$ cat start25.tsv   # TSV, C-alpha atoms
chain	number	residue	atom	x	y	z
A	1	MET	CA	-41.98	-61.91	-11.40
A	2	ASP	CA	-44.69	-63.23	-9.11
A	3	VAL	CA	-42.58	-63.42	-5.96
A	4	HIS	CA	-43.04	-65.86	-3.09
A	5	ARG	CA	-40.82	-66.80	-0.16
A	6	ASP	CA	-38.94	-69.63	-1.89
A	7	PHE	CA	-39.41	-68.98	-5.61
A	8	ALA	CA	-40.65	-66.50	-8.20
A	9	GLN	CA	-42.83	-67.38	-11.17
A	10	LEU	CA	-41.60	-65.73	-14.38
A	11	ALA	CA	-43.41	-64.48	-17.46
A	12	VAL	CA	-41.92	-62.63	-20.44
A	13	VAL	CA	-43.35	-60.23	-23.04
A	14	GLU	CA	-41.03	-60.07	-26.04
A	15	ASP	CA	-41.83	-58.69	-29.52
A	16	GLY	CA	-45.48	-58.51	-28.54
A	17	PHE	CA	-45.73	-62.17	-27.51
A	18	LEU	CA	-46.38	-63.40	-23.98
A	19	ARG	CA	-44.87	-66.62	-22.68
A	20	ASP	CA	-44.12	-68.36	-19.40
A	21	ALA	CA	-40.47	-68.55	-18.35
A	22	GLY	CA	-40.54	-71.06	-15.51
A	23	GLN	CA	-39.42	-70.35	-11.97
A	24	VAL	CA	-36.34	-69.04	-10.23
A	25	SER	CA	-35.35	-69.69	-6.62
A	26	CYS	CA	-35.50	-66.66	-4.32
A	27	ARG	CA	-31.97	-67.20	-3.04
A	28	PRO	CA	-29.10	-64.77	-3.70
A	29	GLU	CA	-27.02	-67.23	-5.77
A	30	SER	CA	-29.94	-68.26	-7.98
A	31	LEU	CA	-31.10	-64.68	-8.49
A	32	ARG	CA	-27.59	-63.56	-9.43
A	33	ASP	CA	-27.28	-66.40	-11.96
A	34	TRP	CA	-30.67	-65.54	-13.42
A	35	ALA	CA	-29.81	-61.83	-13.58
A	36	GLN	CA	-26.76	-62.72	-15.69
A	37	THR	CA	-29.13	-63.96	-18.41
A	38	LEU	CA	-30.93	-60.60	-18.66
A	39	ARG	CA	-30.08	-57.92	-21.21
A	40	PRO	CA	-29.19	-54.32	-20.30
A	41	ASP	CA	-32.39	-53.05	-22.01
A	42	ASP	CA	-34.72	-55.46	-20.16
A	43	GLU	CA	-37.33	-54.28	-17.67
A	44	VAL	CA	-38.47	-56.31	-14.67
A	45	ALA	CA	-41.69	-56.00	-12.69
A	46	LEU	CA	-42.65	-57.48	-9.32
A	47	GLU	CA	-45.08	-56.67	-6.54
A	48	ALA	CA	-44.04	-55.14	-3.24
A	49	THR	CA	-43.46	-57.95	-0.73
A	50	GLY	CA	-41.29	-58.54	2.31
A	51	ASN	CA	-38.33	-59.68	0.19
A	52	SER	CA	-38.84	-57.44	-2.84
A	53	GLU	CA	-36.21	-54.88	-1.78
A	54	ALA	CA	-33.50	-57.55	-1.56
A	55	ILE	CA	-34.50	-58.92	-4.99
A	56	VAL	CA	-34.41	-55.44	-6.52
A	57	ALA	CA	-30.92	-54.81	-5.09
A	58	LEU	CA	-29.64	-57.94	-6.88
A	59	ILE	CA	-31.36	-57.35	-10.21
A	60	ARG	CA	-31.28	-53.57	-10.72
A	61	PRO	CA	-27.57	-53.31	-11.76
A	62	ARG	CA	-28.19	-55.74	-14.65
A	63	VAL	CA	-31.29	-54.24	-16.31
A	64	ALA	CA	-32.62	-50.93	-17.56
A	65	ARG	CA	-35.45	-50.63	-15.01
A	66	VAL	CA	-37.04	-52.50	-12.15
A	67	VAL	CA	-40.65	-51.59	-11.29
A	68	VAL	CA	-42.04	-52.58	-7.89
A	69	SER	CA	-45.81	-52.31	-8.12
A	70	ASN	CA	-48.23	-51.40	-5.38
A	71	PRO	CA	-50.35	-54.55	-4.79
A	72	MET	CA	-53.23	-52.43	-3.48
A	73	LYS	CA	-53.46	-50.73	-6.87
A	74	THR	CA	-52.88	-53.74	-9.12
A	75	ARG	CA	-56.59	-54.45	-9.37
A	76	ALA	CA	-56.20	-56.66	-12.45
A	77	ILE	CA	-54.53	-59.27	-10.21
A	78	ALA	CA	-56.57	-58.70	-7.07
A	79	GLU	CA	-59.90	-59.03	-8.90
A	80	ALA	CA	-58.96	-61.85	-11.27
A	81	LYS	CA	-61.46	-64.73	-11.52
A	82	VAL	CA	-58.63	-67.22	-12.08
A	83	LYS	CA	-55.70	-66.48	-9.78
A	84	THR	CA	-52.56	-68.61	-10.05
A	85	ASP	CA	-48.86	-67.84	-10.00
A	86	LYS	CA	-48.63	-68.07	-13.78
A	87	VAL	CA	-51.64	-65.80	-14.29
A	88	ASP	CA	-50.28	-63.21	-11.84
A	89	ALA	CA	-46.87	-63.20	-13.53
A	90	ARG	CA	-48.46	-62.83	-16.96
A	91	ILE	CA	-50.62	-59.90	-15.84
A	92	LEU	CA	-47.60	-58.14	-14.32
A	93	ALA	CA	-45.66	-58.62	-17.57
A	94	GLN	CA	-48.52	-57.27	-19.69
A	95	LEU	CA	-49.08	-54.25	-17.43
A	96	LEU	CA	-45.36	-53.46	-17.52
A	97	ALA	CA	-45.24	-53.77	-21.31
A	98	ALA	CA	-48.21	-51.39	-21.59
A	99	ASP	CA	-46.67	-49.04	-18.98
A	100	PHE	CA	-49.82	-49.36	-16.86
A	101	LEU	CA	-48.12	-50.71	-13.74
A	102	PRO	CA	-48.49	-48.43	-10.67
A	103	PRO	CA	-44.98	-48.29	-9.13
A	104	VAL	CA	-43.88	-47.64	-5.57
A	105	TRP	CA	-40.94	-45.51	-4.52
A	106	LEU	CA	-37.77	-47.50	-3.85
A	107	PRO	CA	-35.86	-46.24	-0.77
A	108	ASP	CA	-32.10	-46.01	-0.57
A	109	GLU	CA	-30.00	-48.06	1.84
A	110	VAL	CA	-29.99	-45.37	4.58
A	111	THR	CA	-33.79	-45.15	4.53
A	112	ARG	CA	-34.15	-48.94	4.56
A	113	ARG	CA	-31.83	-49.18	7.58
A	114	ARG	CA	-33.81	-46.56	9.45
A	115	ARG	CA	-37.06	-48.31	8.69
A	116	ARG	CA	-35.67	-51.54	10.07
A	117	ILE	CA	-34.52	-49.80	13.26
A	118	ILE	CA	-37.94	-48.20	13.81
A	119	ALA	CA	-39.70	-51.49	13.10
A	120	ARG	CA	-37.48	-53.26	15.64
A	121	ARG	CA	-38.22	-50.63	18.26
A	122	THR	CA	-41.96	-50.88	17.60
A	123	HIS	CA	-41.80	-54.66	18.03
A	124	LEU	CA	-40.00	-54.34	21.38
A	125	VAL	CA	-42.49	-51.75	22.65
A	126	ARG	CA	-45.39	-54.03	21.73
A	127	GLN	CA	-43.74	-56.98	23.45
A	128	ARG	CA	-43.26	-54.97	26.65
A	129	THR	CA	-46.90	-53.88	26.54
A	130	ARG	CA	-48.01	-57.49	26.06
A	131	ILE	CA	-45.95	-58.65	29.05
A	132	LYS	CA	-47.30	-55.88	31.29
A	133	ASN	CA	-50.85	-56.76	30.29
A	134	GLN	CA	-50.21	-60.40	31.24
A	135	VAL	CA	-49.06	-59.36	34.72
A	136	GLN	CA	-52.16	-57.20	35.12
A	137	ALA	CA	-54.30	-60.15	34.00
A	138	ILE	CA	-52.77	-62.34	36.74
A	139	LEU	CA	-53.64	-59.75	39.37
A	140	HIS	CA	-57.15	-59.41	37.98
A	141	ARG	CA	-58.01	-63.11	37.96
A	142	ASN	CA	-56.70	-63.52	41.52
A	143	LEU	CA	-58.84	-60.64	42.85
A	144	MET	CA	-55.86	-58.50	43.76
A	145	PRO	CA	-56.48	-54.78	44.39
A	146	ARG	CA	-55.18	-52.06	42.14
A	147	PRO	CA	-51.53	-51.24	42.88
A	148	PRO	CA	-51.08	-48.19	45.13
A	149	VAL	CA	-48.24	-46.85	42.95
A	150	SER	CA	-48.39	-45.19	39.55
A	151	GLU	CA	-45.72	-47.46	38.03
A	152	LEU	CA	-46.30	-51.11	38.84
A	153	PHE	CA	-43.04	-52.20	37.23
A	154	GLY	CA	-40.78	-49.76	39.02
A	155	THR	CA	-38.91	-50.44	42.27
A	156	ARG	CA	-41.84	-49.71	44.61
A	157	GLY	CA	-44.33	-51.42	42.32
A	158	ARG	CA	-42.30	-54.63	42.17
A	159	ALA	CA	-41.90	-54.63	45.95
A	160	TRP	CA	-45.68	-54.36	46.31
A	161	LEU	CA	-46.13	-57.10	43.70
A	162	ALA	CA	-43.83	-59.47	45.63
A	163	ARG	CA	-45.93	-59.03	48.81
A	164	GLN	CA	-49.19	-60.11	47.20
A	165	GLU	CA	-50.67	-63.49	48.18
A	166	LEU	CA	-50.76	-65.37	44.90
A	167	PRO	CA	-50.69	-69.11	44.17
A	168	THR	CA	-47.19	-70.53	43.78
A	169	ASP	CA	-47.50	-71.05	40.04
A	170	GLU	CA	-48.81	-67.49	39.59
A	171	HIS	CA	-45.81	-66.12	41.51
A	172	ARG	CA	-43.54	-68.06	39.17
A	173	SER	CA	-45.40	-66.69	36.16
A	174	VAL	CA	-45.03	-63.13	37.43
A	175	ALA	CA	-41.30	-63.65	38.05
A	176	ALA	CA	-40.83	-65.08	34.55
A	177	LEU	CA	-42.73	-62.18	32.99
A	178	LEU	CA	-40.65	-59.65	34.92
A	179	ARG	CA	-37.46	-61.29	33.65
A	180	GLN	CA	-38.78	-61.03	30.10
A	181	LEU	CA	-39.71	-57.41	30.73
A	182	ASP	CA	-36.18	-56.60	31.92
A	183	PHE	CA	-34.66	-58.31	28.88
A	184	HIS	CA	-36.86	-56.38	26.46
A	185	GLY	CA	-36.08	-53.19	28.36
A	186	GLU	CA	-32.35	-53.71	27.82
A	187	GLU	CA	-32.90	-54.41	24.13
A	188	LEU	CA	-35.11	-51.33	23.84
A	189	ALA	CA	-32.38	-49.17	25.37
A	190	LEU	CA	-29.92	-50.41	22.73
A	191	VAL	CA	-32.34	-49.71	19.90
A	192	GLU	CA	-33.16	-46.24	21.21
A	193	ARG	CA	-29.44	-45.51	21.26
A	194	GLU	CA	-29.33	-46.42	17.56
A	195	VAL	CA	-32.33	-44.14	16.97
A	196	ALA	CA	-30.56	-41.28	18.76
A	197	GLN	CA	-27.37	-41.79	16.75
A	198	GLU	CA	-29.33	-41.73	13.50
A	199	GLY	CA	-31.26	-38.62	14.51
A	200	LEU	CA	-28.22	-36.75	15.81
A	201	ASP	CA	-26.63	-36.69	12.36
A	202	ASP	CA	-29.80	-35.76	10.45
A	203	THR	CA	-30.81	-32.12	10.04
A	204	ASP	CA	-34.41	-32.96	9.18
A	205	VAL	CA	-34.85	-35.00	12.37
A	206	ARG	CA	-33.55	-32.17	14.54
A	207	ARG	CA	-35.76	-29.71	12.67
A	208	LEU	CA	-38.91	-31.76	13.23
A	209	MET	CA	-38.04	-32.01	16.93
A	210	THR	CA	-38.74	-28.27	17.24
A	211	VAL	CA	-42.47	-29.11	16.94
A	212	PRO	CA	-44.21	-29.77	20.31
A	213	GLY	CA	-44.94	-33.46	20.82
A	214	ILE	CA	-42.37	-34.70	18.31
A	215	ASP	CA	-39.33	-36.36	19.86
A	216	ALA	CA	-36.44	-38.15	18.18
A	217	VAL	CA	-38.37	-41.41	17.69
A	218	VAL	CA	-41.35	-39.75	16.01
A	219	ALA	CA	-39.13	-37.49	13.91
A	220	LEU	CA	-36.95	-40.36	12.71
A	221	SER	CA	-40.05	-42.47	12.00
A	222	VAL	CA	-41.45	-39.72	9.77
A	223	VAL	CA	-38.14	-39.15	7.98
A	224	ALA	CA	-37.59	-42.89	7.48
A	225	ALA	CA	-41.12	-43.42	6.16
A	226	VAL	CA	-40.92	-40.50	3.73
A	227	GLY	CA	-37.31	-40.80	2.65
A	228	ASP	CA	-37.27	-37.94	0.14
A	229	PHE	CA	-39.81	-35.20	0.96
A	230	ALA	CA	-39.36	-33.73	-2.52
A	231	ARG	CA	-41.25	-36.64	-4.07
A	232	PHE	CA	-44.48	-35.20	-2.61
A	233	ARG	CA	-45.66	-32.18	-4.57
A	234	SER	CA	-47.74	-30.87	-1.69
A	235	ALA	CA	-48.45	-31.45	1.97
A	236	ASP	CA	-51.79	-33.05	1.06
A	237	LYS	CA	-49.90	-35.78	-0.84
A	238	LEU	CA	-47.93	-36.58	2.32
A	239	VAL	CA	-51.13	-36.60	4.38
A	240	ALA	CA	-52.62	-39.12	1.94
A	241	TYR	CA	-49.42	-41.21	2.09
A	242	PHE	CA	-49.91	-41.59	5.85
A	243	GLY	CA	-53.63	-42.34	5.45
A	244	LEU	CA	-54.77	-39.29	7.42
A	245	ASN	CA	-56.98	-37.91	4.64
A	246	PRO	CA	-60.76	-38.57	4.69
A	247	ARG	CA	-62.49	-40.88	2.25
A	248	VAL	CA	-64.37	-39.02	-0.49
A	249	ARG	CA	-67.47	-40.35	-2.23
A	250	GLN	CA	-69.08	-38.51	-5.12
A	251	SER	CA	-71.23	-39.67	-8.03
A	252	GLY	CA	-73.16	-37.86	-10.72
A	253	GLY	CA	-74.35	-34.40	-9.75
A	254	GLN	CA	-74.43	-35.17	-6.05
A	255	PRO	CA	-72.08	-33.22	-3.75
A	256	ALA	CA	-69.05	-35.05	-2.41
A	257	SER	CA	-69.34	-36.62	1.02
A	258	LEU	CA	-66.40	-37.11	3.39
A	259	GLY	CA	-66.01	-40.18	5.56
A	260	ARG	CA	-63.46	-41.58	7.97
A	261	ILE	CA	-59.74	-41.39	7.25
A	262	THR	CA	-58.45	-43.89	4.68
A	263	LYS	CA	-55.81	-45.47	6.99
A	264	THR	CA	-53.70	-46.40	3.98
A	265	GLY	CA	-49.91	-46.30	4.00
A	266	ARG	CA	-47.73	-46.77	7.07
A	267	ALA	CA	-49.93	-47.44	10.10
A	268	GLN	CA	-46.91	-47.36	12.41
A	269	VAL	CA	-46.04	-43.73	11.63
A	270	ARG	CA	-49.70	-42.74	11.63
A	271	GLY	CA	-50.03	-44.09	15.16
A	272	MET	CA	-46.93	-42.22	16.30
A	273	LEU	CA	-48.27	-38.96	14.85
A	274	VAL	CA	-51.54	-39.46	16.71
A	275	GLU	CA	-49.61	-40.02	19.96
A	276	ALA	CA	-47.58	-36.86	19.23
A	277	ALA	CA	-50.85	-35.00	18.68
A	278	TRP	CA	-51.98	-35.93	22.22
A	279	VAL	CA	-48.83	-34.28	23.60
A	280	ALA	CA	-49.18	-31.24	21.34
A	281	SER	CA	-52.81	-30.79	22.43
A	282	ARG	CA	-51.59	-30.15	26.00
A	283	ALA	CA	-48.63	-27.91	25.14
A	284	PRO	CA	-49.18	-24.15	24.71
A	285	GLY	CA	-49.12	-22.94	21.14
A	286	PRO	CA	-51.20	-22.71	17.96
A	287	LEU	CA	-51.49	-26.50	17.74
A	288	ARG	CA	-53.35	-26.57	21.06
A	289	ALA	CA	-55.65	-23.79	19.85
A	290	PHE	CA	-56.30	-25.77	16.67
A	291	TYR	CA	-57.09	-28.90	18.69
A	292	GLN	CA	-59.46	-27.06	21.03
A	293	ARG	CA	-61.31	-25.44	18.13
A	294	ILE	CA	-61.90	-28.79	16.38
A	295	LYS	CA	-62.77	-30.50	19.68
A	296	ALA	CA	-65.52	-27.94	20.37
A	297	ARG	CA	-67.08	-28.67	16.97
A	298	ARG	CA	-66.42	-32.38	16.31
A	299	GLY	CA	-65.33	-34.04	19.54
A	300	LEU	CA	-62.11	-35.30	21.03
A	301	GLN	CA	-61.25	-38.19	18.69
A	302	VAL	CA	-61.77	-36.21	15.50
A	303	ALA	CA	-59.77	-33.32	16.96
A	304	ILE	CA	-56.76	-35.56	17.74
A	305	VAL	CA	-56.70	-37.04	14.24
A	306	ALA	CA	-57.09	-33.57	12.73
A	307	THR	CA	-54.16	-32.37	14.86
A	308	ALA	CA	-52.06	-35.30	13.63
A	309	ARG	CA	-52.94	-34.30	10.07
A	310	LYS	CA	-51.99	-30.69	10.83
A	311	MET	CA	-48.64	-31.86	12.24
A	312	THR	CA	-48.02	-33.93	9.09
A	313	THR	CA	-48.63	-30.84	6.96
A	314	LEU	CA	-46.32	-28.89	9.24
A	315	CYS	CA	-43.57	-31.52	8.84
A	316	TRP	CA	-43.73	-31.24	5.04
A	317	HIS	CA	-43.44	-27.43	5.12
A	318	LEU	CA	-40.58	-27.41	7.64
A	319	VAL	CA	-38.46	-29.92	5.70
A	320	THR	CA	-39.14	-28.66	2.19
A	321	LYS	CA	-38.60	-25.02	3.19
A	322	GLN	CA	-35.67	-25.82	5.52
A	323	GLN	CA	-37.15	-23.87	8.43
A	324	ASP	CA	-37.57	-24.60	12.13
A	325	TYR	CA	-40.94	-24.36	13.82
A	326	ALA	CA	-41.74	-20.68	14.32
A	327	PHE	CA	-43.51	-21.16	17.68
A	328	ALA	CA	-40.89	-23.39	19.30
A	329	ARG	CA	-39.70	-22.79	22.86
A	330	PRO	CA	-35.88	-22.43	22.65
A	331	SER	CA	-35.06	-23.90	26.06
A	332	LEU	CA	-37.31	-26.93	25.45
A	333	VAL	CA	-35.76	-27.54	22.02
A	334	ALA	CA	-32.26	-27.33	23.54
A	335	PHE	CA	-33.31	-29.76	26.28
A	336	LYS	CA	-34.63	-32.25	23.70
A	337	GLN	CA	-31.43	-31.98	21.68
A	338	ARG	CA	-29.26	-32.53	24.75
A	339	LYS	CA	-31.37	-35.56	25.69
A	340	LEU	CA	-30.80	-36.87	22.16
A	341	GLN	CA	-27.04	-36.44	22.57
A	342	LEU	CA	-27.06	-38.33	25.87
A	343	GLN	CA	-29.11	-41.17	24.38
A	344	ALA	CA	-26.59	-41.37	21.54
A	345	GLY	CA	-23.79	-41.90	24.06
A	346	ALA	CA	-22.43	-38.40	24.63
A	347	GLU	CA	-20.43	-37.75	27.79
A	348	ARG	CA	-22.32	-36.29	30.73
A	349	HIS	CA	-20.93	-33.04	32.13
A	350	ILE	CA	-21.28	-32.75	35.88
A	351	ALA	CA	-21.57	-29.21	37.33
A	352	ARG	CA	-21.14	-27.67	33.88
A	353	ARG	CA	-23.66	-25.59	31.98
A	354	GLY	CA	-24.20	-26.80	28.47
A	355	LEU	CA	-26.89	-27.37	25.88
A	356	GLY	CA	-30.26	-27.71	27.57
A	357	TYR	CA	-29.24	-26.22	30.93
A	358	ASP	CA	-31.52	-23.19	30.46
A	359	TYR	CA	-34.54	-25.51	30.71
A	360	ASN	CA	-33.79	-25.77	34.46
A	361	ASP	CA	-34.48	-22.04	34.87
A	362	LYS	CA	-38.12	-21.88	35.98
A	363	ALA	CA	-38.38	-18.15	35.34
A	364	LEU	CA	-37.12	-18.58	31.78
A	365	ARG	CA	-39.49	-21.48	31.18
A	366	ARG	CA	-42.41	-19.41	32.47
A	367	HIS	CA	-41.38	-16.47	30.25
A	368	GLU	CA	-41.20	-18.65	27.13
A	369	ARG	CA	-44.53	-20.25	28.00
A	370	GLU	CA	-46.16	-16.82	28.30
A	371	ILE	CA	-44.83	-15.86	24.87
A	372	VAL	CA	-46.16	-19.04	23.26
A	373	GLU	CA	-49.52	-18.63	25.02
A	374	ALA	CA	-49.77	-15.11	23.56
A	375	GLN	CA	-49.06	-16.59	20.11
A	376	GLU	CA	-51.71	-19.22	20.74
A	377	HIS	CA	-54.23	-16.50	21.63
A	378	ALA	CA	-53.32	-14.52	18.49
A	379	TYR	CA	-53.84	-17.64	16.36
A	380	ALA	CA	-57.23	-18.29	17.98
A	381	VAL	CA	-58.33	-14.68	17.33
A	382	MET	CA	-57.18	-14.85	13.72
A	383	VAL	CA	-59.03	-18.10	13.07
A	384	ALA	CA	-62.18	-16.75	14.76
A	385	HIS	CA	-62.27	-13.93	12.19
A	386	TRP	CA	-61.80	-16.19	9.17
A	387	GLN	CA	-64.52	-15.87	6.53
A	388	PRO	CA	-65.54	-18.72	4.20
A	389	ARG	CA	-65.49	-16.36	1.22
A	390	ARG	CA	-64.83	-12.73	0.39
A	391	PRO	CA	-67.69	-10.47	1.55
A	392	ALA	CA	-69.96	-9.28	-1.25
A	393	ALA	CA	-69.32	-5.73	-2.36
A	394	GLU	CA	-71.90	-3.22	-1.16
A	395	GLN	CA	-74.27	-1.85	-3.79

$ encode --input "start25.tsv" --output "structure tokens"
Amino acid sequence: MDVHRDFAQLAVVEDGFLRDAGQVSCRPESLRDWAQTLRPDDEVALEATGNSEAIVALIRPRVARVVVSNPMKTRAIAEAKVKTDKVDARILAQLLAADFLPPVWLPDEVTRRRRRIIARRTHLVRQRTRIKNQVQAILHRNLMPRPPVSELFGTRGRAWLARQELPTDEHRSVAALLRQLDFHGEELALVEREVAQEGLDDTDVRRLMTVPGIDAVVALSVVAAVGDFARFRSADKLVAYFGLNPRVRQSGGQPASLGRITKTGRAQVRGMLVEAAWVASRAPGPLRAFYQRIKARRGLQVAIVATARKMTTLCWHLVTKQQDYAFARPSLVAFKQRKLQLQAGAERHIARRGLGYDYNDKALRRHEREIVEAQEHAYAVMVAHWQPRRPAAEQ
């Protein structure tokens, strides 16, 4: 099936012969009727598109196997000299018959729902950022000074904004943008409540939250993107899935050269891991020591990406081994979990000590920080004594 928005071009390989099979409408009723004509031992192939998951859900109960191919790896189609719907469908059918079609992993319904929630949240965050940038652009083109407050869109910032001498139409534009900002803020609060409810019931999400810099949104984004951690044989496979591994070029007898990261896979999660790495680089612990060591050698940007890669590796080990982060600060973890409960709609307890209350104890926070800083120092000393290879034995 060469799938488009409104129809799919069909091609069939049967008894070694290839033939065209017309088109089918990409509507639920038409796809169900077409699936009724398939045999239980048939196999269907299609490329990963925006509507491929819905098509697979309708077809899979009627056939032996449905293969969703990775379009980035189907080079026979991407590099074809003659590229039409019929040619693409024929190539997919031939690759499937020869078992040469590179498949993608098909997520379950829970994972698909979580991916949709995270995508909706990302869209709202981008819209809010766009609106804020438009307000800043209005101030800039009217020669307004920088706002004297840290948050322009808070109560004090909006009061300052209302006092500025702007043209009438610009004032109306600012007011309209602020209304849009408030609307998107309300929608974002609803989506973040859904995120908190999803994360509250998931052990892996709560486990990843023990890592500094990873909150419920980042943890759920990683879990939703991966789905089943067991499908990655090693942490390096997960790193490559997120596109955080460097490009490798090697030919003939020349040594391999490493380039920039591949940036393949889910850019959204990769960006969130990089943002989490910025937070982890300022929190005491081995991750900060790792960041500082790479920064001294390669610079700030490389160090942040390397820290994001290290955190991805850490996520794989924590989930597959069912262990919490060894260098976590207990009061901070409890505070993050209580915040997650409140975001999910839990009842607030006034004047009652509960989960996360210990984080208010400054002496306890200082004590835990000193312990983690000692662990950070021990990690730095250990790494400083690493040797690239075993010392040669003395003669």

$ residues_near_point --input "start25.tsv" --point "(-40.8, -23.7, 17.6)" --cutoff "6 Å" --atoms "only C-alpha atoms" --output "PDB file with C-alpha atoms, keeping the file's coordinate frame"
ATOM      1  CA  THR A 210     -38.740 -28.270  17.240  1.00  0.00           C
ATOM      2  CA  VAL A 211     -42.470 -29.110  16.940  1.00  0.00           C
ATOM      3  CA  TYR A 325     -40.940 -24.360  13.820  1.00  0.00           C
ATOM      4  CA  ALA A 326     -41.740 -20.680  14.320  1.00  0.00           C
ATOM      5  CA  PHE A 327     -43.510 -21.160  17.680  1.00  0.00           C
ATOM      6  CA  ALA A 328     -40.890 -23.390  19.300  1.00  0.00           C
ATOM      7  CA  ARG A 329     -39.700 -22.790  22.860  1.00  0.00           C
TER       8      ARG A 329
END

$ atom_distance --input "start25.tsv" --atom1 "atom CA of A:Leu220" --atom2 "atom CA of A:Tyr241"
16.4 Å

$ closest_atom_pairs --input "start25.tsv" --of "stretch 67-182 of chain A" --to "stretch 21-39 of chain A" --cutoff "10 Å" --atoms "only C-alpha atoms" --output "tab-separated table"
residue	atom	partner	partner_atom	distance
A:Asp85	CA	A:Gln23	CA	10.0
A:Lys86	CA	A:Gly22	CA	8.8
A:Ala89	CA	A:Ala21	CA	9.6
A:Arg90	CA	A:Ala21	CA	9.9

$ closest_atom_pairs --input "start25.tsv" --of "stretch 233-263 of chain A" --to "stretch 273-294 of chain A" --cutoff "12 Å" --atoms "only C-alpha atoms" --output "CSV"
residue,atom,partner,partner_atom,distance
A:Val239,CA,A:Leu273,CA,11.1
A:Phe242,CA,A:Leu273,CA,9.5
A:Gly243,CA,A:Leu273,CA,11.3
A:Leu244,CA,A:Val274,CA,9.8

$ closest_residue --input "start25.tsv" --among "A:Gln197, A:Ala230, A:Ala378, A:Ala308" --to "A:Asn245" --atoms "all atoms listed in the file"
A:Ala308

$ atom_distance --input "start25.tsv" --atom1 "atom CA of A:Ser69" --atom2 "atom CA of A:Arg114"
22.0 Å

$ atom_distance --input "start25.tsv" --atom1 "atom CA of A:Ile91" --atom2 "atom CA of A:Asn70"
13.7 Å

$ residues_around --input "start25.tsv" --residues "A:Ser52" --least-positions-apart "4" --cutoff "8 Å" --atoms "all atoms listed in the file" --output "list in words"
Val3, Leu46, Glu47, Ala48, Val56 and Val68 of chain A

$ write_last_selection --input "start25.tsv" --atoms "C-alpha atoms" --output "PDB file, keeping the file's coordinate frame"
ATOM      1  CA  VAL A   3     -42.580 -63.420  -5.960  1.00  0.00           C
ATOM      2  CA  LEU A  46     -42.650 -57.480  -9.320  1.00  0.00           C
ATOM      3  CA  GLU A  47     -45.080 -56.670  -6.540  1.00  0.00           C
ATOM      4  CA  ALA A  48     -44.040 -55.140  -3.240  1.00  0.00           C
ATOM      5  CA  VAL A  56     -34.410 -55.440  -6.520  1.00  0.00           C
ATOM      6  CA  VAL A  68     -42.040 -52.580  -7.890  1.00  0.00           C
TER       7      VAL A  68
END

$ closest_residue --input "start25.tsv" --among "A:Val269, A:Leu124, A:Ala57, A:Ala8" --to "A:Ala224" --atoms "only C-alpha atoms"
A:Val269

$ closest_residue --input "start25.tsv" --among "A:Leu181, A:Met311, A:Val149, A:Ala98" --to "A:Pro212" --atoms "all atoms listed in the file"
A:Met311

$ residues_around --input "start25.tsv" --residues "A:Asp41" --least-positions-apart "2" --cutoff "9 Å" --atoms "all atoms listed in the file" --output "ChimeraX atom specification"
/A:38-39,43,62-65

$ closest_residue --input "start25.tsv" --among "A:Asp228, A:Glu370, A:Leu258, A:Gly265" --to "A:Trp316" --atoms "all atoms listed in the file"
A:Asp228

$ closest_residue --input "start25.tsv" --among "A:Lys263, A:Arg115, A:Arg352, A:Arg121" --to "A:Leu190" --atoms "all atoms listed in the file"
A:Arg121

$ residues_around --input "start25.tsv" --residues "A:Gln268" --least-positions-apart "6" --cutoff "9 Å" --atoms "all atoms listed in the file" --output "list of chain:residue names"
A:Ala119, A:Thr122, A:Ser221

$ residues_around --input "start25.tsv" --residues "A:Glu368" --least-positions-apart "2" --cutoff "12 Å" --atoms "only C-alpha atoms" --output "PDB file with C-alpha atoms, in the frame of the given file"
ATOM      1  CA  PRO A 284     -49.180 -24.150  24.710  1.00  0.00           C
ATOM      2  CA  GLY A 285     -49.120 -22.940  21.140  1.00  0.00           C
ATOM      3  CA  PHE A 327     -43.510 -21.160  17.680  1.00  0.00           C
ATOM      4  CA  ALA A 328     -40.890 -23.390  19.300  1.00  0.00           C
ATOM      5  CA  ARG A 329     -39.700 -22.790  22.860  1.00  0.00           C
ATOM      6  CA  PRO A 330     -35.880 -22.430  22.650  1.00  0.00           C
ATOM      7  CA  SER A 331     -35.060 -23.900  26.060  1.00  0.00           C
ATOM      8  CA  LEU A 332     -37.310 -26.930  25.450  1.00  0.00           C
ATOM      9  CA  VAL A 333     -35.760 -27.540  22.020  1.00  0.00           C
ATOM     10  CA  ASP A 358     -31.520 -23.190  30.460  1.00  0.00           C
ATOM     11  CA  TYR A 359     -34.540 -25.510  30.710  1.00  0.00           C
ATOM     12  CA  ASP A 361     -34.480 -22.040  34.870  1.00  0.00           C
ATOM     13  CA  LYS A 362     -38.120 -21.880  35.980  1.00  0.00           C
ATOM     14  CA  ALA A 363     -38.380 -18.150  35.340  1.00  0.00           C
ATOM     15  CA  LEU A 364     -37.120 -18.580  31.780  1.00  0.00           C
ATOM     16  CA  ARG A 365     -39.490 -21.480  31.180  1.00  0.00           C
ATOM     17  CA  ARG A 366     -42.410 -19.410  32.470  1.00  0.00           C
ATOM     18  CA  GLU A 370     -46.160 -16.820  28.300  1.00  0.00           C
ATOM     19  CA  ILE A 371     -44.830 -15.860  24.870  1.00  0.00           C
ATOM     20  CA  VAL A 372     -46.160 -19.040  23.260  1.00  0.00           C
ATOM     21  CA  GLU A 373     -49.520 -18.630  25.020  1.00  0.00           C
ATOM     22  CA  ALA A 374     -49.770 -15.110  23.560  1.00  0.00           C
ATOM     23  CA  GLN A 375     -49.060 -16.590  20.110  1.00  0.00           C
TER      24      GLN A 375
END

$ closest_residue --input "start25.tsv" --among "A:Ile214, A:Leu188, A:Ala256, A:Val319" --to "A:Met272" --atoms "all atoms listed in the file"
A:Ile214
